[in-house]
file input_34.txt (compact mmCIF, C-alpha atoms and all ligand atoms)
# COMPACT_ATOMS: atom_id res chain seq x y z
CA MET A 1 43.53 -53.11 -32.18
CA THR A 2 46.89 -52.05 -33.61
CA SER A 3 47.65 -53.76 -36.92
CA ARG A 4 51.26 -54.82 -37.32
CA ARG A 5 53.62 -55.48 -40.22
CA LEU A 6 57.19 -56.58 -40.67
CA PRO A 7 59.71 -53.67 -40.63
CA ARG A 8 60.98 -52.87 -44.15
CA ARG A 9 64.54 -52.10 -45.08
CA HIS A 10 63.88 -48.51 -46.19
CA ASP A 11 62.08 -47.81 -42.85
CA LEU A 12 65.10 -48.98 -40.90
CA ALA A 13 67.84 -47.30 -42.92
CA PRO A 14 67.33 -43.74 -41.55
CA LEU A 15 67.39 -45.06 -37.99
CA MET A 16 70.73 -46.80 -38.35
CA LYS A 17 73.28 -44.16 -37.34
CA PHE A 18 76.28 -46.26 -36.42
CA LYS A 19 79.26 -43.94 -36.20
CA ARG A 20 82.65 -45.20 -37.17
CA PRO A 21 84.37 -45.95 -33.84
CA VAL A 22 87.12 -43.54 -32.77
CA LEU A 23 90.10 -45.80 -32.28
CA SER A 24 92.49 -43.39 -30.57
CA PRO A 25 91.71 -43.41 -26.83
CA ARG A 26 93.03 -39.85 -26.55
CA LYS A 27 90.68 -38.59 -29.25
CA ARG A 28 87.78 -40.50 -27.72
CA ARG A 29 88.49 -39.01 -24.30
CA LEU A 30 88.67 -35.50 -25.69
CA ALA A 31 85.62 -35.81 -27.92
CA SER A 32 83.51 -36.84 -24.96
CA ALA A 33 84.52 -33.69 -23.04
CA LEU A 34 81.85 -31.08 -23.74
CA THR A 35 82.91 -28.43 -21.23
CA ILE A 36 86.11 -27.17 -19.65
CA GLU A 37 84.95 -28.78 -16.41
CA ASP A 38 84.80 -32.13 -18.28
CA LEU A 39 88.40 -31.58 -19.41
CA ARG A 40 89.34 -30.79 -15.81
CA ARG A 41 87.97 -34.15 -14.68
CA VAL A 42 89.98 -36.01 -17.33
CA ALA A 43 93.07 -33.97 -16.42
CA LYS A 44 92.71 -34.89 -12.77
CA ARG A 45 92.56 -38.59 -13.56
CA ARG A 46 95.67 -38.46 -15.73
CA THR A 47 98.01 -36.14 -13.86
CA PRO A 48 99.87 -36.85 -10.62
CA ARG A 49 98.31 -35.05 -7.75
CA ALA A 50 101.10 -32.57 -7.02
CA ALA A 51 101.25 -31.37 -10.65
CA PHE A 52 97.46 -31.22 -11.01
CA ASP A 53 97.09 -29.33 -7.73
CA TYR A 54 99.80 -26.88 -8.75
CA ALA A 55 97.67 -25.88 -11.74
CA ASP A 56 94.23 -26.27 -10.20
CA GLY A 57 94.98 -24.68 -6.84
CA ALA A 58 95.17 -21.08 -5.70
CA ALA A 59 96.41 -19.17 -2.64
CA ASP A 60 95.32 -19.59 0.99
CA ASP A 61 91.62 -20.52 1.17
CA GLU A 62 91.21 -20.10 -2.61
CA VAL A 63 88.49 -17.50 -2.07
CA SER A 64 89.74 -15.17 -4.84
CA LEU A 65 89.37 -17.93 -7.42
CA SER A 66 86.02 -19.27 -6.28
CA ARG A 67 84.55 -15.75 -6.10
CA ALA A 68 85.79 -14.95 -9.59
CA ARG A 69 84.16 -18.10 -10.98
CA GLN A 70 81.00 -17.48 -8.97
CA ALA A 71 80.78 -13.93 -10.33
CA PHE A 72 80.63 -15.32 -13.87
CA ALA A 73 78.11 -17.98 -12.86
CA ASP A 74 75.96 -15.25 -11.35
CA VAL A 75 75.39 -13.26 -14.52
CA GLU A 76 72.03 -13.13 -16.17
CA PHE A 77 72.02 -12.74 -19.95
CA ARG A 78 69.42 -10.52 -21.62
CA PRO A 79 68.87 -11.66 -25.17
CA SER A 80 67.51 -9.60 -28.05
CA VAL A 81 65.30 -11.63 -30.39
CA LEU A 82 64.49 -11.62 -34.11
CA ARG A 83 67.96 -10.59 -35.26
CA ASP A 84 69.70 -12.19 -38.21
CA VAL A 85 72.44 -14.20 -36.55
CA SER A 86 73.13 -16.63 -39.37
CA ARG A 87 76.72 -15.37 -39.40
CA VAL A 88 78.71 -14.41 -36.33
CA ASP A 89 82.10 -12.77 -36.29
CA THR A 90 84.14 -13.66 -33.19
CA SER A 91 87.26 -11.75 -34.23
CA ARG A 92 88.71 -8.96 -32.15
CA GLU A 93 91.43 -6.45 -32.75
CA VAL A 94 93.84 -6.55 -29.84
CA LEU A 95 96.90 -4.31 -29.57
CA GLY A 96 96.78 -3.52 -33.27
CA VAL A 97 96.35 -7.05 -34.67
CA SER A 98 93.24 -9.13 -35.24
CA SER A 99 92.67 -12.25 -33.15
CA ALA A 100 90.19 -14.85 -34.39
CA LEU A 101 88.67 -15.09 -30.92
CA PRO A 102 88.37 -12.65 -28.01
CA PHE A 103 90.79 -14.61 -25.83
CA GLY A 104 94.42 -15.62 -25.80
CA ILE A 105 96.53 -18.07 -23.83
CA ALA A 106 97.70 -16.68 -20.48
CA PRO A 107 101.31 -17.08 -19.34
CA THR A 108 101.78 -20.15 -17.17
CA GLY A 109 105.00 -21.31 -15.56
CA PHE A 110 106.24 -24.91 -15.38
CA THR A 111 103.94 -25.92 -18.22
CA ARG A 112 105.89 -29.04 -19.24
CA LEU A 113 105.47 -30.35 -15.75
CA MET A 114 101.72 -30.54 -16.24
CA GLN A 115 102.07 -32.41 -19.51
CA THR A 116 105.25 -33.01 -21.42
CA GLU A 117 104.17 -31.20 -24.63
CA GLY A 118 103.90 -28.02 -22.52
CA GLU A 119 104.57 -24.67 -24.18
CA ILE A 120 104.95 -26.17 -27.66
CA ALA A 121 101.41 -27.60 -27.48
CA GLY A 122 100.11 -24.21 -26.33
CA VAL A 123 101.79 -22.11 -28.98
CA MET A 124 100.95 -24.51 -31.83
CA ALA A 125 97.30 -24.68 -30.79
CA ALA A 126 97.23 -20.86 -30.59
CA GLU A 127 98.79 -20.63 -34.05
CA ALA A 128 96.18 -23.00 -35.50
CA ALA A 129 93.33 -21.08 -33.86
CA GLY A 130 94.67 -17.62 -34.80
CA ILE A 131 94.90 -16.32 -31.21
CA PRO A 132 97.85 -14.92 -29.22
CA TYR A 133 100.04 -17.11 -27.04
CA THR A 134 101.88 -15.75 -24.00
CA LEU A 135 105.13 -17.38 -22.89
CA SER A 136 105.93 -17.06 -19.17
CA THR A 137 109.30 -16.01 -17.74
CA MET A 138 108.96 -19.30 -15.85
CA GLY A 139 108.28 -21.27 -19.02
CA THR A 140 109.93 -24.66 -19.44
CA THR A 141 110.69 -24.22 -23.15
CA SER A 142 113.10 -21.59 -24.42
CA ILE A 143 111.98 -18.36 -26.08
CA GLU A 144 113.73 -19.45 -29.28
CA ASP A 145 112.21 -22.96 -29.34
CA VAL A 146 108.71 -21.56 -28.84
CA ALA A 147 109.27 -19.12 -31.71
CA ALA A 148 110.60 -21.86 -34.00
CA ALA A 149 107.70 -24.25 -33.24
CA ALA A 150 105.05 -21.78 -34.35
CA PRO A 151 106.55 -19.13 -36.59
CA ARG A 152 103.15 -17.76 -37.67
CA ALA A 153 101.68 -17.55 -34.16
CA ARG A 154 101.27 -14.17 -32.55
CA LYS A 155 103.50 -14.34 -29.51
CA TRP A 156 103.62 -12.28 -26.35
CA PHE A 157 106.30 -12.54 -23.67
CA GLN A 158 105.45 -12.28 -19.98
CA LEU A 159 108.11 -10.66 -17.85
CA TYR A 160 108.69 -10.86 -14.14
CA MET A 161 110.68 -7.73 -13.67
CA TRP A 162 113.74 -7.71 -11.50
CA ASN A 163 115.44 -4.70 -10.07
CA ASP A 164 118.50 -6.28 -11.62
CA ARG A 165 118.07 -4.53 -14.93
CA ASP A 166 120.69 -6.54 -16.77
CA ARG A 167 118.83 -9.74 -16.03
CA SER A 168 115.47 -8.31 -17.15
CA MET A 169 117.07 -6.80 -20.21
CA ALA A 170 118.67 -10.06 -21.33
CA LEU A 171 115.25 -11.72 -21.49
CA VAL A 172 113.53 -8.80 -23.15
CA GLU A 173 116.17 -8.62 -25.88
CA ARG A 174 115.84 -12.33 -26.62
CA ALA A 175 112.05 -12.07 -26.85
CA ALA A 176 112.19 -9.06 -29.19
CA LYS A 177 114.74 -10.79 -31.38
CA ALA A 178 112.58 -13.93 -31.57
CA GLY A 179 109.63 -11.91 -32.90
CA PHE A 180 107.46 -11.59 -29.78
CA ASP A 181 105.42 -8.42 -30.35
CA THR A 182 104.04 -7.62 -26.89
CA LEU A 183 105.58 -7.57 -23.44
CA VAL A 184 103.17 -8.54 -20.67
CA VAL A 185 104.65 -7.24 -17.42
CA THR A 186 103.20 -9.03 -14.40
CA VAL A 187 103.04 -6.78 -11.35
CA ASP A 188 101.04 -8.68 -8.73
CA VAL A 189 103.88 -10.82 -7.47
CA PRO A 190 106.14 -8.83 -5.10
CA VAL A 191 106.32 -12.15 -3.21
CA ALA A 192 104.83 -15.57 -3.90
CA GLY A 193 101.25 -16.22 -2.77
CA ALA A 194 100.68 -18.93 -0.16
CA ARG A 195 99.91 -21.95 -2.33
CA LEU A 196 98.96 -24.28 0.47
CA ARG A 197 98.24 -27.29 -1.74
CA ASP A 198 101.83 -27.19 -3.00
CA THR A 199 103.23 -27.03 0.52
CA ARG A 200 101.00 -29.86 1.69
CA ASN A 201 101.92 -31.98 -1.35
CA GLY A 202 105.64 -31.29 -0.84
CA PHE A 203 105.68 -30.12 -4.47
CA THR A 204 109.21 -29.67 -5.77
CA ILE A 205 110.87 -28.90 -9.08
CA PRO A 206 111.92 -31.37 -10.41
CA PRO A 207 109.35 -33.75 -8.88
CA THR A 208 110.74 -36.00 -6.17
CA LEU A 209 109.80 -39.59 -5.61
CA THR A 210 108.52 -40.18 -2.10
CA PRO A 211 106.41 -43.17 -1.02
CA ARG A 212 103.33 -40.98 -1.44
CA THR A 213 104.19 -39.77 -4.94
CA VAL A 214 104.97 -43.33 -6.00
CA VAL A 215 101.57 -44.58 -4.84
CA ASN A 216 99.93 -41.68 -6.64
CA ALA A 217 101.99 -42.38 -9.78
CA LEU A 218 100.90 -46.01 -10.20
CA PRO A 219 97.57 -45.27 -11.89
CA ARG A 220 99.17 -42.51 -14.00
CA PRO A 221 102.04 -44.29 -15.79
CA ALA A 222 101.82 -42.23 -18.99
CA TRP A 223 102.69 -38.99 -17.21
CA TRP A 224 105.78 -40.48 -15.56
CA PHE A 225 106.82 -42.22 -18.76
CA ASN A 226 106.63 -38.85 -20.53
CA LEU A 227 108.59 -37.11 -17.79
CA LEU A 228 111.37 -39.66 -17.80
CA THR A 229 111.71 -40.11 -21.55
CA THR A 230 111.72 -36.49 -22.73
CA GLU A 231 114.11 -33.56 -22.23
CA PRO A 232 114.64 -32.93 -18.51
CA LEU A 233 112.55 -30.08 -17.14
CA ALA A 234 114.49 -26.86 -17.13
CA PHE A 235 113.61 -23.23 -17.07
CA ALA A 236 113.97 -21.72 -20.43
CA SER A 237 114.95 -18.33 -19.24
CA LEU A 238 116.61 -19.12 -15.96
CA ASP A 239 119.34 -21.20 -14.49
CA SER A 240 118.25 -24.67 -13.49
CA TRP A 241 116.76 -25.01 -10.08
CA SER A 242 116.10 -27.74 -7.68
CA GLY A 243 114.11 -26.94 -4.58
CA THR A 244 110.56 -26.22 -3.59
CA VAL A 245 108.43 -24.06 -5.82
CA GLY A 246 107.95 -21.55 -3.00
CA ASP A 247 111.71 -21.12 -2.61
CA LEU A 248 112.11 -20.65 -6.33
CA LEU A 249 109.39 -18.06 -6.51
CA ASP A 250 110.80 -16.13 -3.58
CA THR A 251 114.17 -16.01 -5.31
CA MET A 252 112.61 -14.93 -8.57
CA PHE A 253 110.30 -12.20 -7.43
CA ASP A 254 111.64 -8.82 -6.55
CA PRO A 255 109.72 -6.84 -3.91
CA THR A 256 111.64 -3.64 -4.69
CA VAL A 257 110.22 -3.17 -8.20
CA THR A 258 108.25 0.08 -8.67
CA TYR A 259 106.65 2.30 -11.33
CA ASP A 260 110.17 3.62 -12.16
CA ASP A 261 111.28 0.16 -13.24
CA LEU A 262 108.19 -0.11 -15.40
CA ALA A 263 109.00 3.21 -17.08
CA TRP A 264 112.51 1.94 -17.75
CA ILE A 265 111.22 -1.28 -19.31
CA ARG A 266 108.75 0.71 -21.39
CA GLU A 267 111.69 2.57 -22.94
CA GLN A 268 113.63 -0.61 -23.71
CA TRP A 269 110.85 -2.58 -25.37
CA PRO A 270 110.15 -1.80 -29.03
CA GLY A 271 106.62 -3.29 -29.14
CA LYS A 272 103.41 -3.02 -27.13
CA VAL A 273 103.37 -3.16 -23.35
CA SER A 274 100.58 -4.69 -21.28
CA VAL A 275 100.59 -4.61 -17.48
CA LYS A 276 99.04 -7.68 -15.85
CA GLY A 277 97.70 -7.86 -12.32
CA VAL A 278 95.91 -4.51 -12.00
CA GLN A 279 93.33 -4.59 -9.21
CA THR A 280 92.20 -1.04 -8.46
CA VAL A 281 90.85 1.91 -10.44
CA ASP A 282 93.64 4.12 -9.04
CA ASP A 283 96.40 1.88 -10.39
CA ALA A 284 94.56 1.61 -13.71
CA ARG A 285 94.57 5.44 -13.95
CA ARG A 286 98.21 5.69 -13.03
CA LEU A 287 99.21 3.10 -15.62
CA ALA A 288 97.13 4.76 -18.31
CA GLY A 289 99.06 7.95 -17.51
CA ALA A 290 102.35 6.02 -17.74
CA GLY A 291 101.72 5.30 -21.41
CA VAL A 292 101.23 1.54 -21.39
CA ASP A 293 99.12 0.06 -24.18
CA ALA A 294 96.96 -2.33 -22.15
CA ILE A 295 96.20 -3.35 -18.60
CA VAL A 296 95.05 -6.80 -17.55
CA LEU A 297 92.55 -6.84 -14.68
CA SER A 298 93.65 -10.01 -12.96
CA ASN A 299 94.32 -11.45 -9.55
CA HIS A 300 96.60 -14.07 -11.07
CA GLY A 301 93.88 -16.71 -11.06
CA GLY A 302 93.59 -16.30 -7.27
CA ARG A 303 97.15 -17.48 -6.79
CA GLN A 304 98.47 -14.36 -5.07
CA LEU A 305 96.38 -12.21 -2.70
CA ASP A 306 93.41 -14.17 -1.40
CA ARG A 307 90.07 -12.30 -1.14
CA ALA A 308 91.32 -9.91 -3.82
CA PRO A 309 88.88 -7.88 -5.94
CA VAL A 310 86.97 -9.94 -8.51
CA PRO A 311 88.25 -8.70 -11.91
CA PHE A 312 84.81 -9.01 -13.52
CA HIS A 313 83.34 -6.75 -10.84
CA LEU A 314 86.12 -4.23 -11.24
CA LEU A 315 85.65 -4.07 -14.99
CA PRO A 316 82.87 -1.43 -15.42
CA SER A 317 84.54 1.17 -13.22
CA VAL A 318 87.95 0.66 -14.82
CA VAL A 319 86.49 0.84 -18.33
CA ALA A 320 84.68 4.05 -17.37
CA ALA A 321 87.90 5.54 -15.94
CA VAL A 322 90.51 4.58 -18.56
CA GLY A 323 88.78 2.63 -21.33
CA SER A 324 89.41 5.32 -23.90
CA ASP A 325 93.14 5.59 -23.04
CA VAL A 326 94.27 1.96 -22.77
CA GLU A 327 92.91 -1.42 -23.75
CA VAL A 328 91.35 -3.18 -20.79
CA HIS A 329 91.92 -6.94 -20.75
CA LEU A 330 90.72 -9.41 -18.12
CA ASP A 331 91.50 -12.83 -16.71
CA THR A 332 90.79 -15.05 -13.69
CA GLY A 333 87.97 -17.51 -13.36
CA ILE A 334 87.11 -17.98 -17.04
CA MET A 335 85.74 -21.50 -17.52
CA SER A 336 83.43 -21.01 -20.50
CA GLY A 337 82.78 -18.99 -23.61
CA GLN A 338 79.79 -17.49 -21.81
CA ASP A 339 82.20 -15.98 -19.25
CA ILE A 340 84.19 -14.40 -22.09
CA VAL A 341 81.05 -12.98 -23.71
CA ALA A 342 80.00 -11.48 -20.36
CA ALA A 343 83.42 -9.83 -19.92
CA VAL A 344 83.37 -8.42 -23.46
CA ALA A 345 79.83 -7.08 -22.92
CA HIS A 346 81.08 -5.15 -19.90
CA GLY A 347 83.89 -3.56 -21.86
CA ALA A 348 86.83 -5.99 -21.83
CA ARG A 349 88.69 -5.66 -25.15
CA PHE A 350 90.28 -9.05 -24.64
CA THR A 351 90.57 -11.90 -22.16
CA LEU A 352 93.18 -14.50 -21.22
CA VAL A 353 92.61 -18.09 -20.16
CA GLY A 354 94.98 -19.94 -17.84
CA ARG A 355 93.54 -23.10 -16.32
CA ALA A 356 90.97 -23.57 -19.09
CA TYR A 357 93.78 -24.37 -21.53
CA LEU A 358 95.90 -26.19 -18.94
CA TYR A 359 93.07 -28.63 -18.21
CA GLY A 360 93.00 -29.38 -21.94
CA LEU A 361 96.78 -29.81 -21.97
CA MET A 362 96.74 -32.21 -19.02
CA ALA A 363 93.80 -34.11 -20.53
CA GLY A 364 95.45 -34.70 -23.91
CA GLY A 365 98.53 -32.61 -24.81
CA ARG A 366 98.28 -30.54 -28.01
CA LEU A 367 94.95 -32.16 -29.00
CA GLY A 368 93.60 -31.31 -25.57
CA VAL A 369 94.50 -27.63 -25.98
CA ASP A 370 92.81 -27.69 -29.39
CA ARG A 371 89.74 -29.18 -27.73
CA ALA A 372 89.69 -26.52 -24.98
CA ILE A 373 89.84 -23.75 -27.60
CA GLU A 374 87.14 -25.48 -29.66
CA ILE A 375 84.82 -25.74 -26.65
CA LEU A 376 85.28 -22.04 -25.84
CA ARG A 377 84.80 -21.06 -29.50
CA GLY A 378 81.54 -23.03 -29.76
CA GLN A 379 80.22 -21.51 -26.55
CA ILE A 380 81.10 -17.97 -27.66
CA GLU A 381 79.43 -18.40 -31.04
CA ARG A 382 76.28 -19.96 -29.63
CA THR A 383 75.95 -17.38 -26.85
CA MET A 384 76.37 -14.53 -29.33
CA ARG A 385 73.62 -16.01 -31.52
CA LEU A 386 71.32 -16.57 -28.57
CA LEU A 387 71.90 -12.98 -27.45
CA GLY A 388 71.03 -11.73 -30.93
CA VAL A 389 74.43 -10.24 -31.81
CA SER A 390 76.53 -11.04 -34.84
CA SER A 391 79.73 -9.23 -33.83
CA LEU A 392 81.49 -8.66 -30.53
CA ASP A 393 81.18 -4.88 -30.89
CA GLU A 394 77.40 -5.23 -30.66
CA LEU A 395 77.69 -6.62 -27.12
CA GLU A 396 76.94 -4.06 -24.44
CA PRO A 397 76.49 -4.00 -20.66
CA GLY A 398 72.71 -4.26 -21.12
CA HIS A 399 73.17 -7.82 -22.38
CA VAL A 400 74.57 -8.97 -19.04
CA THR A 401 73.32 -8.22 -15.57
CA ALA A 402 75.20 -9.32 -12.49
CA LEU A 403 72.78 -10.90 -10.04
CA ARG A 404 72.78 -9.75 -6.46
CA ARG A 405 75.06 -12.18 -4.67
CA LEU A 406 78.51 -10.65 -4.13
CA VAL A 407 77.76 -7.70 -6.39
CA PRO A 408 79.38 -4.42 -5.40
CA PRO A 409 76.99 -1.46 -5.47
CA ASP A 410 78.28 0.13 -8.68
CA MET A 411 77.41 -3.00 -10.70
CA SER A 412 73.93 -3.57 -9.36
CA PRO A 413 71.05 -3.33 -11.83
CA ASP A 414 69.33 -0.48 -9.97
CA ARG A 415 72.44 1.68 -9.70
C1 LIG B 1 99.69 -23.14 -13.27
C2 LIG B 1 99.70 -21.65 -13.45
C3 LIG B 1 100.90 -21.00 -13.64
C4 LIG B 1 100.91 -19.62 -13.82
N1 LIG B 1 102.12 -18.99 -14.06
C5 LIG B 1 102.11 -17.67 -14.33
C6 LIG B 1 103.31 -17.01 -14.69
O1 LIG B 1 104.37 -17.62 -14.79
N2 LIG B 1 103.26 -15.68 -14.95
C7 LIG B 1 102.09 -14.96 -14.86
O2 LIG B 1 102.08 -13.75 -15.11
N3 LIG B 1 100.93 -15.57 -14.54
C8 LIG B 1 100.91 -16.89 -14.28
N4 LIG B 1 99.74 -17.52 -13.97
C9 LIG B 1 98.49 -16.74 -13.97
C10 LIG B 1 97.84 -16.76 -15.34
O3 LIG B 1 98.61 -16.04 -16.27
C11 LIG B 1 96.43 -16.13 -15.31
O4 LIG B 1 96.49 -14.86 -14.73
C12 LIG B 1 95.44 -16.99 -14.52
O5 LIG B 1 95.66 -18.37 -14.76
C13 LIG B 1 94.02 -16.61 -14.92
O6 LIG B 1 93.09 -17.32 -14.20
P1 LIG B 1 92.38 -18.67 -14.75
O7 LIG B 1 93.37 -19.77 -14.51
O8 LIG B 1 91.18 -18.80 -13.88
O9 LIG B 1 92.09 -18.48 -16.20
C14 LIG B 1 99.70 -18.89 -13.78
C15 LIG B 1 98.49 -19.56 -13.60
C16 LIG B 1 98.48 -20.94 -13.45
C17 LIG B 1 97.15 -21.63 -13.27
call {"tool": "encode", "arguments": {"input": "input_34.txt", "output": "structure tokens", "more": "lines below"}}
Ligand SMILES: Cc1cc2nc3c(=O)[nH]c(=O)nc-3n(C[C@H](O)[C@H](O)[C@H](O)COP(=O)(O)O)c2cc1C
result
Amino acid sequence: MTSRRLPRRHDLAPLMKFKRPVLSPRKRRLASALTIEDLRRVAKRRTPRAAFDYADGAADDEVSLSRARQAFADVEFRPSVLRDVSRVDTSREVLGVSSALPFGIAPTGFTRLMQTEGEIAGVMAAEAAGIPYTLSTMGTTSIEDVAAAAPRARKWFQLYMWNDRDRSMALVERAAKAGFDTLVVTVDVPVAGARLRDTRNGFTIPPTLTPRTVVNALPRPAWWFNLLTTEPLAFASLDSWSGTVGDLLDTMFDPTVTYDDLAWIREQWPGKVSVKGVQTVDDARRLAGAGVDAIVLSNHGGRQLDRAPVPFHLLPSVVAAVGSDVEVHLDTGIMSGQDIVAAVAHGARFTLVGRAYLYGLMAGGRLGVDRAIEILRGQIERTMRLLGVSSLDELEPGHVTALRRLVPPDMSPDR
């Protein structure tokens, strides 16, 4: 027979863990998001469909994007045990300067359309976290305003090159003058990819009010309030535009651009040059020979060529071919710190995140971007510890095996 007694005060005290309630709904929302996928769900609830789909979607059947994410999900980590991992160092030298984390913010166009704080939220969050921020040619905040908002941030400028050299040059000069230290030249956009969600949603810049968009707007009043009560959306670097996104992109992109134009830009730009959108070993070799400082293995987050090579799969052969001549960076499909650790283990010097930070932005503006970075940081640190490494340089391909599904022969474990 169990004998009972009255509970005493000092027995109860350790059990009473009432946290002070978080009064700000935004902070509460963000604190309850534990993964980037959680942030994506909040973002979807809060953002009108056309804007959310513009960020979330990819080209055609979206196979490039889903394969890239699947490739990361399909890795198997191989941990080493009994290592002292009380301290971990997540910093990484990238293009001559240290970054606190092995990822930076990828260039994204139309960012203020997704959430009104847009580029300013991105660059300030990057400044606070000590990581690089990349401003897109299609950014909705000017080069100068981005520089002024975060004077201590490391800033890169992404260029869509035109054959019209005066136009390219005007942008490049402004970026250099504003203190941007690296030019990221995007080369996978001779024409716009087929973003079918945008066409189906009738997505336009600026957004138009149709009966459908109005119905969709009703449960998302904050987004519309922000849009209508802040500076009108305009392209920082370009003349204002009103039309469909597809039309705009087709006007912007120049299918005549070649390696000669790249060589010309290389001569004009005083800082480092990174070429984004490399998808074959042959192009990686040719670019290494052309004297660029970095290449970014990327299929533009699946937004251009569908069924394109998975950057993570391409990584080992590119690192073997040119890894000692240029820095090899990678993006597309990164949704967790584990993905970043896997890429670094296979030889990526650095990575970029696009949607992962945009989901944070749409979920909660600047605080949401902070939260996205915090989630990735926590995942990187914990994965490093669980793998038994205390610095990124200790990561090696042996820590990460790609499981069989979708694995090209040169990455298989029994190669
Ligand atoms: C909404 C959106 C806009 C983008 N705009 C640009 C751009 O203007 N210039 C560019 O080089 N890449 C652009 N990208 C591609 C990103 O820089 C990056 O390559 C891609 O997002 C990486 O994939 P992830 O979203 O899976 O991280 C954009 C991506 C998204 C999602």
call {"tool": "residues_around", "arguments": {"input": "input_34.txt", "residues": "Ala149 (chain A)", "least_positions_apart": "4", "cutoff": "8 Å", "atoms": "all atoms listed in the file", "output": "list in words"}}
result
Ile120, Val123, Met124 and Asp145 of chain A
call {"tool": "atom_distance", "arguments": {"input": "input_34.txt", "atom1": "CA of Gly96 (chain A)", "atom2": "CA of Gly118 (chain A)"}}
result
27.7 Å
call {"tool": "atom_distance", "arguments": {"input": "input_34.txt", "atom1": "CA of Phe312 (chain A)", "atom2": "CA of Val189 (chain A)"}}
result
20.1 Å
call {"tool": "axis_aligned_box", "arguments": {"input": "input_34.txt", "around": "region 118-128 of chain A", "padding_each_side": "8 Å", "output": "JSON"}}
result
{"center_x": 100.6, "center_y": -24.3, "center_z": -29.0, "size_x": 24.8, "size_y": 23.4, "size_z": 29.0}
call {"tool": "atom_distance", "arguments": {"input": "input_34.txt", "atom1": "CA of Glu93 (chain A)", "atom2": "CA of Ala348 (chain A)"}}
result
11.9 Å
call {"tool": "closest_atom_pairs", "arguments": {"input": "input_34.txt", "of": "chain A", "to": "ligand LIG 1 (chain B)", "cutoff": "6 Å", "atoms": "all atoms listed in the file", "output": "JSON lines"}}
result
{"residue": "A:Tyr54", "atom": "CA", "partner": "B:LIG1", "partner_atom": "C1", "distance": 5.9}
{"residue": "A:Ala55", "atom": "CA", "partner": "B:LIG1", "partner_atom": "C1", "distance": 3.7}
{"residue": "A:Ala106", "atom": "CA", "partner": "B:LIG1", "partner_atom": "O3", "distance": 4.4}
{"residue": "A:Pro107", "atom": "CA", "partner": "B:LIG1", "partner_atom": "O3", "distance": 4.2}
{"residue": "A:Thr108", "atom": "CA", "partner": "B:LIG1", "partner_atom": "N1", "distance": 3.3}
{"residue": "A:Gly109", "atom": "CA", "partner": "B:LIG1", "partner_atom": "O1", "distance": 3.8}
{"residue": "A:Ser136", "atom": "CA", "partner": "B:LIG1", "partner_atom": "O1", "distance": 4.7}
{"residue": "A:Thr137", "atom": "CA", "partner": "B:LIG1", "partner_atom": "O1", "distance": 6.0}
{"residue": "A:Met138", "atom": "CA", "partner": "B:LIG1", "partner_atom": "O1", "distance": 5.0}
{"residue": "A:Thr186", "atom": "CA", "partner": "B:LIG1", "partner_atom": "O2", "distance": 4.9}
{"residue": "A:Ser298", "atom": "CA", "partner": "B:LIG1", "partner_atom": "O4", "distance": 5.9}
{"residue": "A:His300", "atom": "CA", "partner": "B:LIG1", "partner_atom": "O4", "distance": 3.7}
{"residue": "A:Gly301", "atom": "CA", "partner": "B:LIG1", "partner_atom": "O6", "distance": 3.3}
{"residue": "A:Asp331", "atom": "CA", "partner": "B:LIG1", "partner_atom": "C13", "distance": 4.9}
{"residue": "A:Thr332", "atom": "CA", "partner": "B:LIG1", "partner_atom": "O6", "distance": 3.3}
{"residue": "A:Gly333", "atom": "CA", "partner": "B:LIG1", "partner_atom": "O8", "distance": 3.5}
{"residue": "A:Ile334", "atom": "CA", "partner": "B:LIG1", "partner_atom": "O9", "distance": 5.1}
{"residue": "A:Val353", "atom": "CA", "partner": "B:LIG1", "partner_atom": "O9", "distance": 4.0}
{"residue": "A:Gly354", "atom": "CA", "partner": "B:LIG1", "partner_atom": "O5", "distance": 3.5}
{"residue": "A:Arg355", "atom": "CA", "partner": "B:LIG1", "partner_atom": "O7", "distance": 3.8}
{"residue": "A:Ala356", "atom": "CA", "partner": "B:LIG1", "partner_atom": "O9", "distance": 6.0}
call {"tool": "residues_around", "arguments": {"input": "input_34.txt", "residues": "region 9-26 of chain A", "least_positions_apart": "5", "cutoff": "12 Å", "atoms": "only C-alpha atoms", "output": "list in words"}}
result
Ala31, Ser32, Ala33, Leu39, Val42, Ala43, Arg46, Ala222, Gly360, Leu361, Met362, Ala363, Gly364, Gly365, Arg366, Leu367, Gly368 and Arg371 of chain A
call {"tool": "residues_around", "arguments": {"input": "input_34.txt", "residues": "region 377-393 of chain A", "least_positions_apart": "5", "cutoff": "7 Å", "atoms": "all atoms listed in the file", "output": "list in words"}}
result
Arg78, Pro79, Ser80, Val81, Arg83, Val85, Arg87, Val88, Asp89, Thr90, Ser336, Gly337, Gln338 and Val341 of chain A
call {"tool": "residues_around", "arguments": {"input": "input_34.txt", "residues": "Ser168 (chain A)", "least_positions_apart": "4", "cutoff": "12 Å", "atoms": "all atoms listed in the file", "output": "list in words"}}
result
Thr137, Gln158, Leu159, Tyr160, Met161, Trp162, Asn163, Asp164, Val172, Glu173, Arg174, Ala175, Leu183, Val185, Ser237, Leu238, Met252, Phe253, Asp254, Val257, Asp261, Leu262, Trp264, Ile265, Gln268 and Trp269 of chain A
call {"tool": "closest_residue", "arguments": {"input": "input_34.txt", "among": "A:Thr111, A:Thr116, A:Ser86, A:Ser66", "to": "Phe225 (chain A)", "atoms": "only C-alpha atoms"}}
result
A:Thr116
call {"tool": "residues_around", "arguments": {"input": "input_34.txt", "residues": "Ala73 (chain A)", "least_positions_apart": "3", "cutoff": "8 Å", "atoms": "all atoms listed in the file", "output": "list in words"}}
result
Arg69, Gln70 and Asp339 of chain A
